[in-house]
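For reference, upload.cif is printed below; it contains mmCIF, C-alpha atoms.
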data_final
#
loop_
_atom_site.label_atom_id
_atom_site.label_comp_id
_atom_site.auth_asym_id
_atom_site.auth_seq_id
_atom_site.Cartn_x
_atom_site.Cartn_y
_atom_site.Cartn_z
CA MET A 778 0.00 0.00 0.00
CA SER A 779 1.51 3.30 -1.02
CA PHE A 780 0.22 6.65 0.00
CA ASP A 781 -0.01 9.62 -2.33
CA PHE A 782 -0.23 12.89 -0.49
CA ALA A 783 0.20 14.98 -3.66
CA VAL A 784 -3.45 14.51 -4.65
CA ILE A 785 -4.51 15.93 -1.28
CA LEU A 786 -2.04 18.80 -1.30
CA ALA A 787 -3.21 19.76 -4.78
CA LYS A 788 -6.52 20.58 -3.14
CA ALA A 789 -4.90 22.99 -0.68
CA PRO A 790 -7.15 25.95 -1.62
CA GLN A 791 -10.29 23.94 -0.80
CA ILE A 792 -8.76 22.70 2.45
CA LEU A 793 -7.87 26.26 3.41
CA ALA A 794 -11.44 27.36 2.70
CA GLY A 795 -12.66 24.61 5.03
CA LEU A 796 -10.10 25.67 7.61
CA GLY A 797 -11.43 29.22 7.31
CA VAL A 798 -14.96 28.04 8.10
CA THR A 799 -13.66 26.01 11.05
CA ILE A 800 -11.77 28.99 12.48
CA LEU A 801 -14.64 31.39 11.87
CA ILE A 802 -17.22 29.19 13.60
CA TRP A 803 -14.76 28.38 16.37
CA VAL A 804 -13.79 31.99 17.14
CA ALA A 805 -17.33 33.34 16.83
CA GLY A 806 -18.81 30.43 18.77
CA THR A 807 -16.24 30.69 21.55
CA LEU A 808 -16.68 34.45 21.97
CA LEU A 809 -20.48 34.19 21.96
CA ALA A 810 -20.32 31.23 24.36
CA ALA A 811 -18.05 33.13 26.76
CA ILE A 812 -20.35 36.18 26.71
CA LEU A 813 -23.51 34.10 27.16
CA GLY A 814 -21.82 32.04 29.86
CA PHE A 815 -20.77 35.19 31.68
CA LEU A 816 -24.33 36.53 31.51
CA VAL A 817 -25.70 33.24 32.85
CA ALA A 818 -23.17 33.21 35.69
CA THR A 819 -24.00 36.84 36.53
CA ALA A 820 -27.74 36.15 36.47
CA ARG A 821 -27.25 33.11 38.71
CA ARG A 822 -25.21 35.18 41.14
CA TYR A 823 -27.39 38.30 41.32
CA GLY A 824 -30.77 37.23 39.98
CA GLY A 825 -31.99 35.67 43.19
CA ARG A 826 -32.47 32.03 44.14
CA LEU A 827 -35.16 31.36 41.58
CA ALA A 828 -32.99 32.50 38.66
CA ASP A 829 -30.12 30.42 40.04
CA LEU A 830 -32.32 27.34 40.24
CA VAL A 831 -33.95 27.84 36.84
CA LEU A 832 -30.64 28.46 35.07
CA SER A 833 -28.94 25.51 36.73
CA VAL A 834 -31.21 23.14 34.78
CA PRO A 835 -30.06 23.95 31.22
CA VAL A 836 -26.45 24.20 32.41
CA GLU A 837 -26.55 20.71 33.92
CA VAL A 838 -28.50 19.21 31.01
CA ILE A 839 -26.06 20.59 28.44
CA ARG A 840 -23.02 19.54 30.43
CA GLY A 841 -24.47 16.06 30.92
CA THR A 842 -25.31 15.21 27.31
CA PRO A 843 -23.10 14.67 24.27
CA PHE A 844 -22.58 17.63 21.94
CA LEU A 845 -23.44 15.34 19.02
CA VAL A 846 -26.91 14.62 20.43
CA GLN A 847 -27.43 18.35 21.05
CA ILE A 848 -26.64 19.35 17.48
CA PHE A 849 -28.76 16.49 16.09
CA LEU A 850 -31.63 17.65 18.27
CA LEU A 851 -31.17 21.25 17.13
CA TYR A 852 -30.62 20.56 13.43
CA PHE A 853 -32.98 17.64 12.81
CA GLY A 854 -35.50 18.33 15.58
CA GLY A 855 -35.55 22.13 15.26
CA PRO A 856 -37.72 22.28 12.12
CA TYR A 857 -40.50 20.42 13.99
CA ILE A 858 -40.87 23.40 16.34
CA GLY A 859 -40.39 25.99 13.60
CA LEU A 860 -36.66 26.42 14.08
CA ARG A 861 -35.37 25.91 10.56
CA LEU A 862 -31.67 26.76 10.43
CA ASP A 863 -29.10 26.24 7.74
CA PRO A 864 -26.17 24.05 8.80
CA ILE A 865 -23.77 26.90 9.59
CA ALA A 866 -26.32 28.78 11.70
CA ALA A 867 -27.31 25.59 13.52
CA GLY A 868 -23.65 24.74 14.08
CA LEU A 869 -22.83 28.17 15.43
CA LEU A 870 -25.89 28.23 17.67
CA GLY A 871 -25.18 24.70 18.91
CA LEU A 872 -21.55 25.47 19.67
CA THR A 873 -22.52 28.71 21.45
CA ILE A 874 -25.12 27.06 23.68
CA TYR A 875 -22.85 24.11 24.45
CA GLY A 876 -19.86 26.32 25.27
CA ALA A 877 -21.96 28.77 27.29
CA ALA A 878 -22.93 26.05 29.78
CA TYR A 879 -19.26 25.35 30.49
CA TYR A 880 -18.28 29.04 30.54
CA ALA A 881 -21.13 29.70 32.99
CA GLU A 882 -19.50 27.22 35.39
CA ILE A 883 -16.05 28.76 34.84
CA PHE A 884 -17.33 32.27 35.64
CA ARG A 885 -19.34 30.94 38.58
CA ALA A 886 -16.09 29.73 40.12
CA GLY A 887 -14.60 33.10 39.18
CA PHE A 888 -17.27 35.04 41.10
CA GLN A 889 -16.74 32.78 44.10
CA SER A 890 -13.02 33.50 44.07
CA VAL A 891 -13.42 37.26 44.53
CA PRO A 892 -13.37 38.12 48.25
CA PRO A 893 -16.80 39.54 49.24
CA GLY A 894 -15.03 42.41 51.00
CA HIS A 895 -13.91 43.76 47.63
CA SER A 896 -17.37 44.10 46.13
CA GLU A 897 -18.65 45.46 49.46
CA ALA A 898 -15.87 48.07 49.38
CA ALA A 899 -16.80 48.94 45.77
CA ASP A 900 -20.40 49.29 46.90
CA CYS A 901 -19.29 51.61 49.74
CA VAL A 902 -17.39 53.96 47.46
CA GLY A 903 -20.49 54.29 45.32
CA LEU A 904 -19.86 51.97 42.37
CA THR A 905 -22.99 50.54 40.80
CA ARG A 906 -23.52 46.77 40.59
CA MET A 907 -22.55 46.90 36.91
CA GLN A 908 -19.39 48.91 37.62
CA THR A 909 -18.46 46.54 40.43
CA ILE A 910 -18.83 43.50 38.19
CA LEU A 911 -16.95 45.00 35.25
CA HIS A 912 -14.22 46.96 37.04
CA VAL A 913 -13.66 45.00 40.24
CA GLN A 914 -14.83 41.41 40.02
CA LEU A 915 -14.02 40.68 36.38
CA PRO A 916 -10.39 41.89 36.55
CA GLU A 917 -9.90 40.10 39.86
CA MET A 918 -11.15 36.77 38.56
CA ALA A 919 -9.33 37.11 35.22
CA LEU A 920 -6.23 35.22 36.26
CA LEU A 921 -8.30 32.40 37.73
CA VAL A 922 -10.71 32.00 34.80
CA LEU A 923 -8.14 32.39 32.02
CA PRO A 924 -6.62 28.87 32.09
CA PRO A 925 -9.97 27.00 32.13
CA SER A 926 -11.32 29.44 29.52
CA MET A 927 -8.44 28.74 27.16
CA ASN A 928 -8.84 25.04 27.83
CA MET A 929 -12.52 25.28 26.94
CA ALA A 930 -11.69 27.22 23.77
CA VAL A 931 -9.44 24.33 22.69
CA ILE A 932 -12.19 21.81 23.48
CA LEU A 933 -14.61 23.86 21.38
CA LEU A 934 -12.12 23.90 18.49
CA LYS A 935 -12.09 20.11 18.51
CA GLU A 936 -15.88 19.94 18.85
CA THR A 937 -16.28 21.91 15.61
CA ALA A 938 -15.22 18.71 13.79
CA LEU A 939 -18.59 17.20 14.79
CA LEU A 940 -20.37 19.90 12.81
CA SER A 941 -19.36 17.96 9.68
CA LEU A 942 -22.05 15.45 10.74
CA ILE A 943 -24.74 18.11 10.23
CA THR A 944 -23.11 19.06 6.88
CA VAL A 945 -21.40 22.28 7.94
CA PRO A 946 -18.74 22.77 5.23
CA GLU A 947 -15.90 23.07 7.73
CA MET A 948 -12.51 21.42 7.50
CA THR A 949 -13.44 17.84 8.43
CA MET A 950 -16.28 17.70 5.92
CA THR A 951 -14.22 19.38 3.18
CA VAL A 952 -11.22 17.10 3.60
CA GLN A 953 -13.38 13.97 3.81
CA ALA A 954 -15.10 14.98 0.58
CA ILE A 955 -11.72 15.45 -1.10
CA GLY A 956 -10.65 12.05 0.23
CA SER A 957 -13.61 10.31 -1.36
CA GLN A 958 -13.34 12.20 -4.67
CA GLN A 959 -9.64 11.39 -4.99
CA TYR A 960 -10.06 7.93 -3.50
CA ALA A 961 -7.41 8.87 -0.95
CA PHE A 962 -9.15 8.26 2.38
CA VAL A 963 -6.09 7.62 4.52
CA GLU A 964 -4.06 10.51 3.13
CA SER A 965 -6.93 12.95 3.59
CA ILE A 966 -7.52 11.97 7.21
CA VAL A 967 -3.80 12.11 8.00
CA VAL A 968 -3.61 15.65 6.61
CA LEU A 969 -6.76 16.55 8.55
CA ALA A 970 -5.34 15.19 11.82
CA LEU A 971 -2.06 17.06 11.34
CA VAL A 972 -3.80 20.36 10.68
CA TYR A 973 -5.97 19.99 13.80
CA TRP A 974 -2.95 18.99 15.85
CA ALA A 975 -1.03 22.08 14.72
CA LEU A 976 -4.04 24.31 15.34
CA VAL A 977 -4.61 22.94 18.86
CA GLU A 978 -0.94 23.25 19.78
CA LEU A 979 -0.96 26.81 18.43
CA ALA A 980 -4.04 27.62 20.52
CA ASN A 981 -2.39 26.07 23.59
CA PHE A 982 0.72 28.15 22.97
CA LEU A 983 -1.30 31.37 22.65
CA GLY A 984 -3.14 30.44 25.85
CA ARG A 985 0.12 30.05 27.77
CA LEU A 986 1.33 33.34 26.34
CA ALA A 987 -1.84 35.13 27.46
CA GLU A 988 -1.51 33.60 30.93
CA ARG A 989 2.03 34.84 31.24
CA ARG A 990 1.07 38.29 30.00
CA LEU A 991 -1.78 38.50 32.47
CA SER A 992 0.18 37.23 35.44
CA THR A 993 2.70 40.07 35.08
CA TYR A 994 -0.15 42.52 35.71
CA SER A 995 -1.35 40.83 38.87
CA ALA A 996 0.47 41.21 42.12
CA MET B 991 -42.76 8.54 21.23
CA THR B 992 -43.78 5.11 22.32
CA TRP B 993 -42.45 2.84 25.01
CA GLN B 994 -41.16 0.47 22.30
CA LEU B 995 -38.96 3.18 20.84
CA PHE B 996 -37.70 4.13 24.28
CA GLU B 997 -36.93 0.48 24.99
CA LEU B 998 -34.81 0.29 21.82
CA LEU B 999 -32.88 3.33 23.02
CA LEU B 1000 -32.38 1.75 26.43
CA GLN B 1001 -31.10 -1.44 24.82
CA ALA B 1002 -28.67 0.55 22.68
CA SER B 1003 -27.47 2.40 25.77
CA LEU B 1004 -26.14 -0.92 27.08
CA MET B 1005 -23.69 -0.87 24.19
CA THR B 1006 -22.78 2.73 25.06
CA ILE B 1007 -22.09 1.64 28.64
CA PHE B 1008 -20.09 -1.41 27.55
CA VAL B 1009 -17.92 0.59 25.14
CA SER B 1010 -17.36 3.36 27.68
CA VAL B 1011 -16.46 1.10 30.60
CA THR B 1012 -14.09 -1.01 28.51
CA SER B 1013 -12.38 2.06 27.05
CA ILE B 1014 -11.98 3.73 30.44
CA LEU B 1015 -10.31 0.63 31.91
CA LEU B 1016 -8.10 -0.01 28.87
CA GLY B 1017 -7.27 3.69 28.78
CA LEU B 1018 -6.30 3.63 32.44
CA ALA B 1019 -3.89 0.75 31.83
CA PHE B 1020 -2.37 2.58 28.83
CA ALA B 1021 -2.18 5.79 30.86
CA ILE B 1022 -0.18 4.08 33.60
CA GLY B 1023 2.15 2.74 30.91
CA LEU B 1024 2.51 6.22 29.40
CA SER B 1025 3.27 7.66 32.83
CA ALA B 1026 5.93 5.02 33.39
CA MET B 1027 7.48 5.92 30.03
CA ARG B 1028 7.38 9.62 30.80
CA MET B 1029 9.08 9.10 34.17
CA SER B 1030 11.56 6.50 32.93
CA GLY B 1031 14.15 9.13 32.02
CA LEU B 1032 14.93 7.20 28.83
CA GLY B 1033 14.94 9.69 25.96
CA PRO B 1034 13.01 7.79 23.27
CA LEU B 1035 10.36 6.52 25.71
CA VAL B 1036 9.86 9.99 27.19
CA TRP B 1037 9.47 11.46 23.71
CA PHE B 1038 7.10 8.72 22.57
CA ALA B 1039 4.86 9.38 25.58
CA ARG B 1040 4.97 13.14 25.05
CA ILE B 1041 4.12 12.97 21.36
CA PHE B 1042 1.42 10.35 21.95
CA ILE B 1043 -0.24 12.49 24.62
CA SER B 1044 0.03 15.68 22.57
CA PHE B 1045 -1.39 14.02 19.45
CA PHE B 1046 -4.35 12.29 21.05
CA ARG B 1047 -5.24 15.42 23.02
CA GLY B 1048 -4.71 17.64 20.00
CA VAL B 1049 -6.82 15.90 17.36
CA PRO B 1050 -10.63 15.70 17.55
CA LEU B 1051 -11.82 12.24 18.56
CA LEU B 1052 -13.95 12.10 15.41
CA VAL B 1053 -10.82 12.51 13.28
CA GLN B 1054 -8.94 9.92 15.37
CA LEU B 1055 -11.72 7.40 14.84
CA LEU B 1056 -11.80 8.11 11.09
CA LEU B 1057 -8.02 7.75 10.99
CA ILE B 1058 -8.03 4.36 12.72
CA PHE B 1059 -11.03 3.25 10.68
CA ASN B 1060 -9.29 4.09 7.37
CA LEU B 1061 -5.63 3.56 8.20
CA LEU B 1062 -5.63 0.08 9.71
CA PRO B 1063 -7.43 -1.65 6.79
CA ALA B 1064 -5.11 0.21 4.36
CA ILE B 1065 -2.07 -1.36 6.00
CA GLY B 1066 -3.69 -4.78 6.00
CA ILE B 1067 -5.26 -4.93 9.46
CA SER B 1068 -9.00 -5.42 9.28
CA LEU B 1069 -10.91 -5.02 12.51
CA SER B 1070 -14.54 -5.12 13.52
CA SER B 1071 -16.23 -1.81 14.23
CA LEU B 1072 -16.34 -2.70 17.92
CA THR B 1073 -12.56 -3.19 18.04
CA THR B 1074 -11.99 0.01 16.07
CA ALA B 1075 -14.23 1.94 18.45
CA LEU B 1076 -12.52 0.49 21.51
CA ILE B 1077 -9.04 1.24 20.17
CA GLY B 1078 -10.01 4.82 19.26
CA LEU B 1079 -11.72 5.64 22.52
CA SER B 1080 -9.16 3.98 24.76
CA LEU B 1081 -6.15 5.61 23.05
CA CYS B 1082 -7.83 8.99 23.32
CA THR B 1083 -8.79 8.63 26.96
CA ALA B 1084 -5.31 7.20 27.72
CA ALA B 1085 -3.77 10.51 26.68
CA TYR B 1086 -6.15 12.51 28.88
CA GLN B 1087 -5.79 10.12 31.81
CA ALA B 1088 -1.99 10.20 31.54
CA GLU B 1089 -2.18 13.99 31.80
CA ASN B 1090 -4.40 13.65 34.89
CA LEU B 1091 -2.08 11.06 36.41
CA ARG B 1092 0.88 13.38 35.94
CA GLY B 1093 -0.52 15.58 38.73
CA GLY B 1094 -1.12 12.49 40.85
CA PHE B 1095 2.43 11.24 40.48
CA GLU B 1096 3.74 14.69 41.35
CA GLY B 1097 1.61 14.60 44.49
CA VAL B 1098 3.14 11.41 45.87
CA PRO B 1099 4.98 12.52 49.04
CA ARG B 1100 8.73 12.51 48.54
CA GLY B 1101 9.23 10.82 51.91
CA LEU B 1102 7.24 7.78 50.82
CA ILE B 1103 9.35 7.31 47.70
CA GLU B 1104 12.51 7.66 49.77
CA SER B 1105 11.20 5.19 52.35
CA ALA B 1106 10.46 2.70 49.59
CA GLU B 1107 14.00 3.14 48.35
CA MET B 1108 15.41 2.71 51.87
CA ALA B 1109 13.32 -0.43 52.35
CA GLY B 1110 15.12 -1.89 49.33
CA LEU B 1111 12.38 -1.60 46.69
CA SER B 1112 13.70 -1.24 43.15
CA PRO B 1113 12.48 1.76 41.13
CA VAL B 1114 10.09 -0.55 39.26
CA GLN B 1115 8.71 -2.02 42.49
CA SER B 1116 8.35 1.44 43.94
CA PHE B 1117 6.45 2.53 40.80
CA ILE B 1118 4.09 -0.44 40.92
CA TRP B 1119 3.46 -0.76 44.64
CA ILE B 1120 3.93 2.75 46.03
CA ARG B 1121 3.66 5.52 43.45
CA THR B 1122 0.94 4.20 41.15
CA PRO B 1123 -1.58 3.32 43.91
CA ILE B 1124 -1.12 6.73 45.53
CA ALA B 1125 -1.31 8.58 42.22
CA LEU B 1126 -4.50 6.68 41.37
CA ARG B 1127 -6.00 7.53 44.74
CA LEU B 1128 -5.08 11.20 44.36
CA THR B 1129 -6.56 11.47 40.88
CA PHE B 1130 -9.69 9.41 41.52
CA PRO B 1131 -12.05 12.40 41.11
CA ALA B 1132 -10.40 13.15 37.74
CA LEU B 1133 -11.00 9.53 36.71
CA VAL B 1134 -14.72 9.84 37.47
CA ASN B 1135 -14.77 13.05 35.46
CA GLU B 1136 -13.01 11.34 32.57
CA ALA B 1137 -15.53 8.50 32.72
CA ILE B 1138 -18.32 11.01 32.20
CA LEU B 1139 -16.43 12.62 29.30
CA ILE B 1140 -15.87 9.26 27.63
CA LEU B 1141 -19.49 8.30 28.07
CA LYS B 1142 -20.43 11.43 26.14
CA SER B 1143 -17.62 10.94 23.60
CA SER B 1144 -18.76 7.38 22.96
CA SER B 1145 -21.58 8.96 20.93
CA LEU B 1146 -18.97 9.41 18.17
CA VAL B 1147 -18.27 5.72 17.63
CA SER B 1148 -21.33 5.59 15.40
CA VAL B 1149 -19.06 6.94 12.62
CA VAL B 1150 -17.15 3.66 12.54
CA GLY B 1151 -20.38 1.70 12.28
CA MET B 1152 -21.17 0.95 15.91
CA ILE B 1153 -24.82 0.90 16.88
CA GLU B 1154 -24.98 2.52 20.28
CA LEU B 1155 -27.35 5.00 21.84
CA THR B 1156 -26.71 7.92 19.48
CA LYS B 1157 -26.71 5.78 16.31
CA MET B 1158 -29.91 4.06 17.41
CA ALA B 1159 -31.48 7.47 18.00
CA GLN B 1160 -30.36 8.58 14.52
CA ASN B 1161 -31.82 5.45 12.92
CA LEU B 1162 -35.11 5.76 14.81
CA ALA B 1163 -35.32 9.49 14.09
CA ALA B 1164 -34.87 8.80 10.37
CA SER B 1165 -37.41 5.99 10.24
CA THR B 1166 -40.13 7.54 12.41
CA TYR B 1167 -39.75 11.23 11.47
CA MET B 1168 -39.77 12.06 15.18
CA PRO B 1169 -36.28 13.44 15.75
CA LEU B 1170 -37.33 15.78 18.53
CA PRO B 1171 -38.65 13.29 21.11
CA ILE B 1172 -36.12 10.65 20.12
CA PHE B 1173 -32.97 12.78 20.44
CA ALA B 1174 -34.39 14.35 23.60
CA SER B 1175 -34.93 10.87 25.06
CA ALA B 1176 -31.40 9.85 24.08
CA GLY B 1177 -30.12 12.97 25.80
CA LEU B 1178 -32.08 12.13 28.94
CA ILE B 1179 -30.63 8.62 29.00
CA TYR B 1180 -27.10 10.04 28.76
CA LEU B 1181 -27.97 12.49 31.52
CA ALA B 1182 -29.28 9.70 33.74
CA ILE B 1183 -26.21 7.52 33.22
CA ASN B 1184 -23.90 10.47 33.89
CA TRP B 1185 -25.84 11.26 37.03
CA ILE B 1186 -25.43 7.69 38.27
CA VAL B 1187 -21.70 7.75 37.46
CA ALA B 1188 -21.25 11.06 39.28
CA ILE B 1189 -23.10 9.88 42.39
CA ALA B 1190 -21.36 6.49 42.42
CA GLY B 1191 -18.06 8.33 41.99
CA ARG B 1192 -18.71 10.54 45.01
CA ARG B 1193 -19.74 7.51 47.09
CA ALA B 1194 -16.63 5.60 46.05
CA GLU B 1195 -14.45 8.61 46.75
CA ALA B 1196 -15.83 8.79 50.29
CA ALA B 1197 -15.40 5.06 50.80
CA LEU B 1198 -11.81 4.91 49.56
CA PRO B 1199 -9.04 4.93 52.17
CA GLY B 1200 -7.86 8.41 53.10
CA LEU B 1201 -5.07 10.31 51.44
CA PRO B 1202 -1.55 10.10 52.80
CA ALA B 1203 -0.42 13.13 54.79
CA LYS B 1204 1.76 15.55 52.84
#

Whole structure given in structure tokens:
Amino acid sequence: MSFDFAVILAKAPQILAGLGVTILIWVAGTLLAAILGFLVATARRYGGRLADLVLSVPVEVIRGTPFLVQIFLLYFGGPYIGLRLDPIAAGLLGLTIYGAAYYAEIFRAGFQSVPPGHSEAADCVGLTRMQTILHVQLPEMALLVLPPSMNMAVILLKETALLSLITVPEMTMTVQAIGSQQYAFVESIVVLALVYWALVELANFLGRLAERRLSTYSA
Amino acid sequence: MTWQLFELLLQASLMTIFVSVTSILLGLAFAIGLSAMRMSGLGPLVWFARIFISFFRGVPLLVQLLLIFNLLPAIGISLSSLTTALIGLSLCTAAYQAENLRGGFEGVPRGLIESAEMAGLSPVQSFIWIRTPIALRLTFPALVNEAILILKSSSLVSVVGMIELTKMAQNLAASTYMPLPIFASAGLIYLAINWIVAIAGRRAEAALPGLPAK
């Protein structure tokens, strides 16, 4: 058995287009997930016991079920309740909701790490709740939430591969299609694995860099 | 959604449980081996373990499964889909578990390792009888966590032709045109199993002998 990687590399422009979709969905999904997760954590913290209880349900359900089942439910089940999304929109929405549940837990731990005396002090000097959250609590928890946040971002990058199963034209789907056209299944998957590996290691590297940057600002 | 459909999902979830449990245990054995390699101080073994762990943590499980599924037959090894799924899942979880165990091995009190040495245990004996049991005890909560992750990840083995809970749900959704209740039920079954694993994990954690003093 000989392997011919040239047929795959000849399709580099298509692969790069798929990579572009992967990165776009990943970055957008991660940012939206982090924002939504932060809002959920804030609502659970300051919205009273009822909000905390009500929001804990989706968070636990999403964290307890496979991402694959969630996107199947959204993409194939959605149209039955009037939610008809194209694959990219469904993929982005699915990734955002999935990530938000985990980010909500990360920020929940973040809020718990800030000494209550600090927000009380902010309250005393006349800062509003919003100002306290944004200017006191968020910077204080930054160093604690950064490593798990970067970790989650990397997990989300790998989860985007599953979107190929709901026909999002991201990298996995693109490369698999090339593999079947060129009858080069092994070569295509090897290239795919190497690109993901490089991307994940790059993301890990950037995460460590950000951590180091941030730690120089904290006492 | 009828009881019959739900029963089919429950039956398929037995395969999910079987694949997950087997992979977790195989993965644990591989992870201990990887840890031994990493701590052996022998250049090539250390590098093999490092690259293995980096690769299997750096590539999506879906791509790993596709790789094994396509690569092995191409080099003349033909395996059943069950074997392919077990290899894929256990190699992947091995890399994550080895990373968890790293913290555990670092947490083994120095004094205990020195005592083992003083008592005449060889480095290998010390690894097997002193360091590994303590590292496993220290990282037990991480193992439970990993079990839950693998249970969820096992939904991917449908791509290599395994019929487990997610694949059964896909098949039933396609044949009955009721994707909403069927995928929701599948999700609930995963949730219930995860819940049981989490509770059993906490019980076991409490029942395990205490941690050695630092």

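Within the file as shown, the PyMOL selection byres ((chain B) within 6 of (chain A)) identifies Gly1048, Val1049, Pro1050, Leu1057, Asn1060, Leu1061, Lys1142, Pro1169, Leu1170, Phe1173, Gly1177, Tyr1180 and Leu1181 of chain B.
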
> So which residues touch Ala1039 in chain B within 10 Å, counting all atoms listed in the file, skipping near sequence neighbours fewer than 2 positions away, as a VMD selection string?
Replying inline: chain B and resid 1021 1023 to 1029 1034 to 1037 1041 to 1045 1085 1088

>> So that I can check the surroundings of Ala878 in chain A, please list as a VMD selection string every protein, DNA and RNA residue that reaches within 12 Å of it, counting all atoms listed in the file and ignoring chain neighbours fewer than 6 positions away.
In response: chain A and resid 807 809 to 818 832 to 842 844 871 to 872 884 to 885 929

>> From the options A:Leu830, A:Leu921, A:Val891, A:Val798, which residue's atoms come nearest to Leu869 in chain A, counting all atoms listed in the file?
In response: A:Val798

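For the set A:Met918, A:Gly868, A:Tyr879, A:Leu991, the residue with the smallest atom-to-atom gap to Ile802 in chain A is A:Gly868, counting all atoms listed in the file.
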
> Care to translate the PyMOL selection byres ((chain A and resi 782-795) around 6) into actual residues of this file, as a ChimeraX atom specification?
Replying inline: /A:781,796-798,947-948,951,964

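Across the model, the gap from CA of Thr1074 in chain B to CA of Glu1154 in chain B is 13.9 Å.
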
>> So the first atom is CA of Tyr823 in chain A and the second is CA of Ala881 in chain A; what is the distance between them in Å, to one decimal place?
In response: 13.5 Å

>> Take the PyMOL selection byres ((chain B and resi 1140) around 10), run it mentally on this structure, and tell me the resulting residues as number ranges by chain.
In response: A: 843; B: 1006-1007, 1009-1011, 1013-1014, 1079-1080, 1082-1083, 1134-1139, 1141-1146

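Comparing B:Leu1102, B:Leu1126, B:Leu1018, B:Ala1132 by their smallest distance to Leu1081 in chain B, the closest is B:Leu1018 (using only C-alpha atoms).
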
Please output range 829-833 of chain A, rebuilt to include all heavy atoms, as an mmCIF file, keeping the file's coordinate frame.
data_model
loop_
_atom_site.group_PDB
_atom_site.id
_atom_site.type_symbol
_atom_site.label_atom_id
_atom_site.label_comp_id
_atom_site.auth_asym_id
_atom_site.auth_seq_id
_atom_site.Cartn_x
_atom_site.Cartn_y
_atom_site.Cartn_z
ATOM 1 N N ASP A 829 -31.217 31.374 39.868
ATOM 2 C CA ASP A 829 -30.120 30.420 40.040
ATOM 3 C C ASP A 829 -30.603 28.998 39.780
ATOM 4 O O ASP A 829 -29.984 28.229 39.046
ATOM 5 C CB ASP A 829 -29.551 30.573 41.463
ATOM 6 C CG ASP A 829 -28.327 29.700 41.671
ATOM 7 O OD1 ASP A 829 -27.556 29.534 40.706
ATOM 8 O OD2 ASP A 829 -28.152 29.175 42.783
ATOM 9 N N LEU A 830 -31.764 28.693 40.371
ATOM 10 C CA LEU A 830 -32.320 27.340 40.240
ATOM 11 C C LEU A 830 -32.740 27.064 38.797
ATOM 12 O O LEU A 830 -32.410 26.014 38.229
ATOM 13 C CB LEU A 830 -33.522 27.209 41.188
ATOM 14 C CG LEU A 830 -33.976 25.784 41.441
ATOM 15 C CD1 LEU A 830 -32.963 25.060 42.308
ATOM 16 C CD2 LEU A 830 -35.347 25.785 42.118
ATOM 17 N N VAL A 831 -33.438 28.028 38.202
ATOM 18 C CA VAL A 831 -33.950 27.840 36.840
ATOM 19 C C VAL A 831 -32.791 27.688 35.854
ATOM 20 O O VAL A 831 -32.814 26.828 34.983
ATOM 21 C CB VAL A 831 -34.861 29.027 36.443
ATOM 22 C CG1 VAL A 831 -35.172 28.998 34.950
ATOM 23 C CG2 VAL A 831 -36.154 28.982 37.247
ATOM 24 N N LEU A 832 -31.755 28.512 36.007
ATOM 25 C CA LEU A 832 -30.640 28.460 35.070
ATOM 26 C C LEU A 832 -29.744 27.239 35.286
ATOM 27 O O LEU A 832 -29.023 26.825 34.380
ATOM 28 C CB LEU A 832 -29.802 29.744 35.168
ATOM 29 C CG LEU A 832 -30.454 30.969 34.537
ATOM 30 C CD1 LEU A 832 -29.686 32.231 34.888
ATOM 31 C CD2 LEU A 832 -30.557 30.810 33.029
ATOM 32 N N SER A 833 -29.787 26.677 36.491
ATOM 33 C CA SER A 833 -28.940 25.510 36.730
ATOM 34 C C SER A 833 -29.393 24.311 35.888
ATOM 35 O O SER A 833 -28.596 23.444 35.553
ATOM 36 C CB SER A 833 -28.932 25.147 38.217
ATOM 37 O OG SER A 833 -30.167 24.571 38.585
#
